[in-house]
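As stored in final05.tsv (TSV, C-alpha atoms and all ligand atoms):
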chain	number	residue	atom	x	y	z
A	1	MET	CA	0.00	0.00	0.00
A	2	ALA	CA	1.32	3.45	-0.90
A	3	ASN	CA	2.60	5.62	1.89
A	4	ILE	CA	-0.34	7.05	3.88
A	5	VAL	CA	0.34	10.04	6.13
A	6	LEU	CA	-2.03	12.13	8.25
A	7	HIS	CA	-0.54	15.47	9.26
A	8	GLY	CA	-1.68	17.13	12.48
A	9	LEU	CA	-2.52	16.53	16.13
A	10	PHE	CA	-5.48	14.71	17.61
A	11	ILE	CA	-6.28	17.67	19.87
A	12	SER	CA	-7.76	19.08	16.67
A	13	PRO	CA	-11.22	17.49	16.30
A	14	PHE	CA	-10.76	17.73	12.53
A	15	VAL	CA	-7.54	15.71	12.63
A	16	ARG	CA	-9.13	13.27	15.04
A	17	ALA	CA	-12.14	12.72	12.77
A	18	ALA	CA	-9.76	11.84	9.94
A	19	GLY	CA	-7.78	9.58	12.28
A	20	LEU	CA	-10.99	7.86	13.40
A	21	ALA	CA	-11.90	7.27	9.76
A	22	LEU	CA	-8.53	5.62	9.11
A	23	HIS	CA	-8.77	3.44	12.22
A	24	GLU	CA	-12.39	2.46	11.66
A	25	LYS	CA	-11.56	1.55	8.07
A	26	GLY	CA	-8.57	-0.48	9.22
A	27	VAL	CA	-6.03	1.52	7.21
A	28	SER	CA	-2.41	1.64	8.41
A	29	TYR	CA	-1.02	5.14	8.35
A	30	THR	CA	1.61	7.37	9.88
A	31	LEU	CA	0.61	10.33	12.02
A	32	GLN	CA	2.96	13.18	11.26
A	33	GLY	CA	2.60	15.46	14.26
A	34	ILE	CA	3.62	19.08	14.53
A	35	LYS	CA	5.77	20.64	17.25
A	36	GLU	CA	4.73	24.27	16.90
A	37	PHE	CA	1.64	25.79	15.31
A	38	SER	CA	4.04	27.68	13.05
A	39	ASP	CA	4.92	24.29	11.51
A	40	ILE	CA	1.67	24.41	9.53
A	41	LYS	CA	2.56	27.78	8.01
A	42	THR	CA	5.88	26.73	6.47
A	43	PRO	CA	6.24	26.74	2.66
A	44	GLU	CA	6.69	22.98	2.77
A	45	TYR	CA	3.45	22.39	4.71
A	46	LEU	CA	1.54	24.94	2.60
A	47	LYS	CA	2.18	22.66	-0.38
A	48	LEU	CA	-0.02	20.12	1.40
A	49	HIS	CA	-2.57	22.56	2.80
A	50	PRO	CA	-2.46	25.99	1.15
A	51	PHE	CA	-4.62	27.49	3.95
A	52	GLY	CA	-2.14	26.36	6.61
A	53	ARG	CA	-4.52	24.29	8.74
A	54	MET	CA	-4.59	20.73	9.96
A	55	PRO	CA	-5.23	18.03	8.93
A	56	ALA	CA	-3.50	17.44	5.64
A	57	PHE	CA	-3.30	13.97	4.15
A	58	ARG	CA	-1.11	12.11	1.71
A	59	HIS	CA	-1.69	8.79	0.01
A	60	GLY	CA	1.15	8.27	-2.45
A	61	GLU	CA	0.86	11.13	-4.92
A	62	THR	CA	-2.62	12.12	-3.71
A	63	VAL	CA	-2.65	15.12	-1.38
A	64	LEU	CA	-5.86	16.28	0.31
A	65	PHE	CA	-6.91	18.86	2.88
A	66	GLU	CA	-10.24	19.40	4.69
A	67	SER	CA	-11.11	16.66	7.15
A	68	SER	CA	-14.47	15.72	5.64
A	69	ALA	CA	-12.90	15.27	2.20
A	70	ILE	CA	-10.20	13.12	3.80
A	71	CYS	CA	-12.82	11.03	5.63
A	72	ARG	CA	-14.81	10.54	2.41
A	73	TYR	CA	-11.66	9.60	0.49
A	74	VAL	CA	-10.65	7.07	3.15
A	75	ASP	CA	-14.14	5.59	3.03
A	76	THR	CA	-14.18	5.08	-0.74
A	77	ALA	CA	-10.50	4.46	-1.54
A	78	PHE	CA	-9.93	1.59	0.88
A	79	ASP	CA	-11.57	-1.74	1.70
A	80	GLY	CA	-13.22	-2.05	5.07
A	81	PRO	CA	-16.51	-1.25	6.75
A	82	ALA	CA	-18.56	1.55	5.17
A	83	LEU	CA	-18.21	4.84	7.02
A	84	MET	CA	-21.32	6.35	5.42
A	85	PRO	CA	-24.74	4.75	4.87
A	86	GLU	CA	-25.55	3.33	1.43
A	87	ASP	CA	-29.14	4.57	1.50
A	88	VAL	CA	-29.48	7.95	-0.23
A	89	VAL	CA	-31.56	9.61	2.48
A	90	GLU	CA	-29.46	8.20	5.29
A	91	ALA	CA	-26.26	9.32	3.54
A	92	ALA	CA	-27.66	12.83	3.16
A	93	ARG	CA	-28.67	12.78	6.80
A	94	ALA	CA	-25.15	11.80	7.88
A	95	GLU	CA	-23.77	14.62	5.70
A	96	GLN	CA	-26.27	16.99	7.32
A	97	TRP	CA	-24.91	16.12	10.77
A	98	VAL	CA	-21.30	16.43	9.60
A	99	SER	CA	-22.04	19.93	8.36
A	100	ALA	CA	-24.03	21.00	11.42
A	101	ILE	CA	-21.43	19.64	13.86
A	102	LYS	CA	-18.51	21.18	11.95
A	103	HIS	CA	-20.16	24.58	11.81
A	104	TYR	CA	-22.54	25.13	14.71
A	105	LEU	CA	-21.07	22.83	17.35
A	106	VAL	CA	-17.48	23.66	16.56
A	107	GLU	CA	-18.34	27.33	16.97
A	108	ASN	CA	-20.23	26.94	20.23
A	109	LEU	CA	-18.52	23.98	21.93
A	110	ILE	CA	-14.98	24.45	20.70
A	111	TYR	CA	-14.29	28.09	19.81
A	112	HIS	CA	-16.49	29.71	22.48
A	113	TYR	CA	-15.93	27.11	25.20
A	114	VAL	CA	-13.04	24.61	24.98
A	115	MET	CA	-10.60	26.95	23.24
A	116	GLN	CA	-11.25	29.61	25.86
A	117	TYR	CA	-9.62	27.26	28.39
A	118	VAL	CA	-6.97	25.83	26.08
A	119	PHE	CA	-5.79	29.19	24.71
A	120	PRO	CA	-6.98	31.64	27.40
A	121	LYS	CA	-7.24	35.21	26.25
A	122	GLY	CA	-8.83	36.85	29.29
A	123	PRO	CA	-7.15	39.17	31.83
A	124	ASP	CA	-3.62	37.97	32.77
A	125	GLY	CA	-3.94	34.96	30.51
A	126	THR	CA	-7.01	33.57	32.29
A	127	PRO	CA	-10.05	32.16	30.48
A	128	ASP	CA	-12.47	34.88	29.38
A	129	ARG	CA	-15.51	34.21	31.58
A	130	ALA	CA	-17.69	36.59	29.57
A	131	VAL	CA	-17.17	34.51	26.42
A	132	ILE	CA	-17.52	31.16	28.21
A	133	ASP	CA	-20.56	32.04	30.30
A	134	GLY	CA	-22.17	34.01	27.48
A	135	GLY	CA	-22.03	30.93	25.27
A	136	LYS	CA	-23.46	28.45	27.76
A	137	ASP	CA	-27.04	28.58	26.47
A	138	ASN	CA	-25.81	27.87	22.94
A	139	VAL	CA	-23.73	24.93	24.14
A	140	ARG	CA	-26.68	23.44	26.01
A	141	ARG	CA	-29.05	24.07	23.13
A	142	ASP	CA	-26.67	22.30	20.72
A	143	CYS	CA	-26.20	19.37	23.10
A	144	GLY	CA	-29.98	19.15	23.44
A	145	ILE	CA	-30.36	18.93	19.66
A	146	LEU	CA	-27.78	16.16	19.39
A	147	ASP	CA	-29.25	14.40	22.40
A	148	GLY	CA	-32.64	14.45	20.69
A	149	ALA	CA	-31.12	13.08	17.47
A	150	LEU	CA	-29.68	10.16	19.46
A	151	GLU	CA	-32.98	9.30	21.14
A	152	GLY	CA	-33.59	5.57	20.75
A	153	ARG	CA	-30.54	5.02	18.55
A	154	ALA	CA	-26.91	4.08	19.07
A	155	TRP	CA	-25.42	6.35	16.38
A	156	LEU	CA	-26.57	9.51	14.66
A	157	VAL	CA	-27.51	7.66	11.47
A	158	GLY	CA	-27.72	3.96	10.62
A	159	GLU	CA	-26.59	0.88	12.42
A	160	ARG	CA	-22.87	1.56	12.75
A	161	PRO	CA	-20.76	4.68	13.37
A	162	THR	CA	-20.52	7.10	10.47
A	163	ILE	CA	-18.27	10.08	9.79
A	164	ALA	CA	-20.86	12.25	11.58
A	165	ASP	CA	-20.26	10.29	14.78
A	166	PHE	CA	-16.49	10.77	14.42
A	167	TYR	CA	-16.91	14.54	14.65
A	168	LEU	CA	-19.44	14.35	17.46
A	169	VAL	CA	-17.36	12.08	19.68
A	170	SER	CA	-14.23	14.20	19.07
A	171	LEU	CA	-15.98	17.40	20.14
A	172	PHE	CA	-17.74	15.86	23.09
A	173	HIS	CA	-14.51	14.32	24.40
A	174	MET	CA	-12.85	17.73	24.40
A	175	ALA	CA	-15.78	19.47	26.08
A	176	LYS	CA	-16.01	16.77	28.76
A	177	GLN	CA	-12.47	17.58	29.90
A	178	MET	CA	-13.29	21.19	30.79
A	179	PRO	CA	-13.46	22.07	34.52
A	180	ASP	CA	-17.15	23.02	34.40
A	181	ALA	CA	-18.15	20.33	31.88
A	182	GLU	CA	-21.01	19.06	34.03
A	183	ASP	CA	-22.69	22.50	33.87
A	184	PHE	CA	-22.14	22.89	30.16
A	185	VAL	CA	-22.47	19.45	28.55
A	186	GLY	CA	-23.74	17.33	31.46
A	187	GLY	CA	-27.20	15.86	31.87
A	188	PHE	CA	-27.78	14.64	28.31
A	189	ALA	CA	-28.43	10.93	28.75
A	190	ASN	CA	-28.42	9.97	25.06
A	191	LEU	CA	-25.21	11.86	24.37
A	192	GLU	CA	-23.58	10.23	27.41
A	193	ARG	CA	-24.68	6.78	26.23
A	194	PHE	CA	-23.36	7.50	22.72
A	195	TYR	CA	-20.07	8.75	24.14
A	196	ALA	CA	-19.61	5.77	26.48
A	197	ALA	CA	-20.23	3.35	23.60
A	198	PHE	CA	-17.82	5.12	21.25
A	199	ALA	CA	-15.16	5.36	23.95
A	200	GLU	CA	-15.04	1.54	24.00
A	201	ARG	CA	-13.95	1.41	20.37
A	202	ALA	CA	-10.32	0.77	19.47
A	203	SER	CA	-10.39	3.76	17.10
A	204	TYR	CA	-11.32	6.08	19.96
A	205	GLN	CA	-8.59	4.72	22.19
A	206	ALA	CA	-5.95	4.94	19.47
A	207	THR	CA	-6.72	8.63	18.89
A	208	SER	CA	-7.48	9.69	22.45
A	209	PHE	CA	-5.60	12.34	24.42
A	210	GLU	CA	-5.85	14.16	27.73
A	211	PHE	CA	-5.38	17.87	28.12
A	212	PRO	CA	-2.60	18.61	30.61
A	213	PRO	CA	-3.61	19.44	34.21
A	214	GLY	CA	-4.72	23.08	34.19
A	215	ILE	CA	-5.67	22.59	30.52
A	216	ALA	CA	-4.11	25.77	29.11
A	217	ILE	CA	-1.60	24.70	26.48
A	218	ALA	CA	-0.26	28.08	25.42
A	219	ALA	CA	-1.31	31.67	25.08
A	220	GLU	CA	-1.59	32.34	21.34
B	301	LIG	N1	-12.47	22.92	7.82
B	301	LIG	C1	-11.18	22.40	8.23
B	301	LIG	C2	-10.82	23.01	9.57
B	301	LIG	C3	-9.34	22.81	9.90
B	301	LIG	C4	-8.92	23.68	11.08
B	301	LIG	O1	-9.45	24.79	11.28
B	301	LIG	N2	-7.96	23.19	11.85
B	301	LIG	C5	-7.45	23.96	12.95
B	301	LIG	C6	-7.14	23.06	14.13
B	301	LIG	S1	-8.60	22.58	14.98
B	301	LIG	C7	-6.14	24.62	12.56
B	301	LIG	O2	-5.38	24.06	11.80
B	301	LIG	N3	-5.87	25.81	13.12
B	301	LIG	C8	-4.61	26.47	12.93
B	301	LIG	C9	-4.76	27.88	12.46
B	301	LIG	O3	-5.90	28.35	12.31
B	301	LIG	O4	-3.74	28.51	12.25
B	301	LIG	C10	-11.22	20.87	8.27
B	301	LIG	O5	-12.30	20.30	8.39
B	301	LIG	O6	-10.15	20.25	8.09

Render the structure in this file as structure tokens.
Amino acid sequence: MANIVLHGLFISPFVRAAGLALHEKGVSYTLQGIKEFSDIKTPEYLKLHPFGRMPAFRHGETVLFESSAICRYVDTAFDGPALMPEDVVEAARAEQWVSAIKHYLVENLIYHYVMQYVFPKGPDGTPDRAVIDGGKDNVRRDCGILDGALEGRAWLVGERPTIADFYLVSLFHMAKQMPDAEDFVGGFANLERFYAAFAERASYQATSFEFPPGIAIAAE
């Protein structure tokens, strides 16, 4: 099999979704991490991802960026279990959740919540409480929507995990590590059940990470 490389870090939910796709599909690959965020702005990296983001992906001569394109490529280019439903409506529904999670949940759960702890920008490098607390209703509303979508079902769509679930579990895992997670993302029984089931999977464990104690990684 041609050389398969995923560039990035699993603390990015986009990189992790691509990593989950590779693991769930049973594809062997190399994770090419980065040491500094400036590593994804170098001329060499920009040849892989002209917008200077992660993930980027290489399979032989094929270079791709954008995590959902990478996930879809992995699903169709390699043998292994299907990562999207065959049924037209179900496939569209999975795509709908991918899009909603990548846009609405990433904004509310990641940018306005998790990232406020990971890259604090408040006074003296502390988390900005106004941003975090001001976004709480949105976080809980979004969790409520996903919780409702998981009512009576194991995965967002179909009988086995799809790409939509890869994004959801990646985001939820990050949010659950925040100090006030119970107030923000707690109390959603279907989401918790979904998360507990996914956390048992080898793909989850192979891509998992813990934020360091105190969470803040660096001030940007
Ligand atoms: N739409 C992109 C999003 C990629 C993205 O924004 N990645 C973040 C990490 S979570 C990044 O590389 N940020 C670095 C930067 O903005 O300089 C995807 O799905 O791959």

Please compute the atom CA of Cys143 of chain A-atom CA of Trp155 of chain A distance, one decimal, in Å.
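Calculated distance between atom CA of Cys143 of chain A and atom CA of Trp155 of chain A is 14.7 Å.
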
Using only C-alpha atoms, which residue out of A:Arg93, A:His7, A:His59, A:His23 lies closest to Tyr45 of chain A?
A:His7

Expressed in Å, the length from atom CA of Gly135 of chain A to atom CA of Ala18 of chain A is 27.4 Å

As an exercise, work out the distance from atom C7 of ligand LIG 301 (chain B) to atom CA of Glu182 of chain A in Å and give it to one decimal place.
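Atom C7 of ligand LIG 301 (chain B) sits 26.7 Å away from atom CA of Glu182 of chain A.
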
Neighbours of ligand LIG 301 (chain B) at 7 Å or closer, counting only C-alpha atoms and all ligand atoms: which residues, as a ChimeraX atom specification?
/A:12-15,37,52-55,65-68

Could you dump the residues just selected with C-alpha atoms as a tab-separated table (two decimals), keeping the file's coordinate frame?
chain	number	residue	atom	x	y	z
A	12	SER	CA	-7.76	19.08	16.67
A	13	PRO	CA	-11.22	17.49	16.30
A	14	PHE	CA	-10.76	17.73	12.53
A	15	VAL	CA	-7.54	15.71	12.63
A	37	PHE	CA	1.64	25.79	15.31
A	52	GLY	CA	-2.14	26.36	6.61
A	53	ARG	CA	-4.52	24.29	8.74
A	54	MET	CA	-4.59	20.73	9.96
A	55	PRO	CA	-5.23	18.03	8.93
A	65	PHE	CA	-6.91	18.86	2.88
A	66	GLU	CA	-10.24	19.40	4.69
A	67	SER	CA	-11.11	16.66	7.15
A	68	SER	CA	-14.47	15.72	5.64

Which residues are near Thr42 of chain A? Cut-off 12 Å, only C-alpha atoms, ignore same chain within fewer than 6 positions. Put them as a PDB file with C-alpha atoms, in the coordinates of the input.
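The result, written out as out.pdb:
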ATOM      1  CA  ILE A  34       3.620  19.080  14.530  1.00  0.00           C
ATOM      2  CA  GLU A  36       4.730  24.270  16.900  1.00  0.00           C
ATOM      3  CA  LEU A  48      -0.020  20.120   1.400  1.00  0.00           C
ATOM      4  CA  HIS A  49      -2.570  22.560   2.800  1.00  0.00           C
ATOM      5  CA  PRO A  50      -2.460  25.990   1.150  1.00  0.00           C
ATOM      6  CA  PHE A  51      -4.620  27.490   3.950  1.00  0.00           C
ATOM      7  CA  GLY A  52      -2.140  26.360   6.610  1.00  0.00           C
ATOM      8  CA  ARG A  53      -4.520  24.290   8.740  1.00  0.00           C
TER       9      ARG A  53
END

Go through A:Val157, A:Ala181, A:Leu9, A:Ala56 one by one, measure the shortest atom-to-atom distance of each to Asp87 of chain A using only C-alpha atoms, and give the residue with the smallest value.
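Residue with the minimum atom-to-atom distance to Asp87 of chain A: A:Val157.
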
Nearest to Arg129 of chain A by atom-to-atom distance, counting only C-alpha atoms, from A:Asp180, A:Pro81, A:Ser170, A:Glu192
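Comparing A:Asp180, A:Pro81, A:Ser170, A:Glu192 against Arg129 of chain A, the winner is A:Asp180.
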
Name all residues at most 12 Å from Arg58 of chain A (count all atoms listed in the file; drop same-chain ones fewer than 3 positions away) and give them as a PyMOL selection string.
chain A and resi 2-8+18+29-32+45+47-49+55+61-65+70+73-74

Shell around Asp75 of chain A at 9 Å using all atoms listed in the file, local window under 6 positions removed, as a PDB file with C-alpha atoms, in the coordinates of the input:
ATOM      1  CA  ALA A  21     -11.900   7.270   9.760  1.00  0.00           C
ATOM      2  CA  LEU A  22      -8.530   5.620   9.110  1.00  0.00           C
ATOM      3  CA  LYS A  25     -11.560   1.550   8.070  1.00  0.00           C
ATOM      4  CA  PRO A  81     -16.510  -1.250   6.750  1.00  0.00           C
ATOM      5  CA  ALA A  82     -18.560   1.550   5.170  1.00  0.00           C
ATOM      6  CA  LEU A  83     -18.210   4.840   7.020  1.00  0.00           C
ATOM      7  CA  MET A  84     -21.320   6.350   5.420  1.00  0.00           C
TER       8      MET A  84
END

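Minimum atom-to-atom distances from A:Val131, A:Val118, A:Val98, A:Ala17 to Gly214 of chain A were compared using only C-alpha atoms, and the lowest value belongs to A:Val118.
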
Pick out the closest residue to Arg140 of chain A from this set: A:Leu191, A:Ala100, A:Ala164, A:Ala216. Count only C-alpha atoms.
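So, comparing all the options, the nearest one is A:Leu191.
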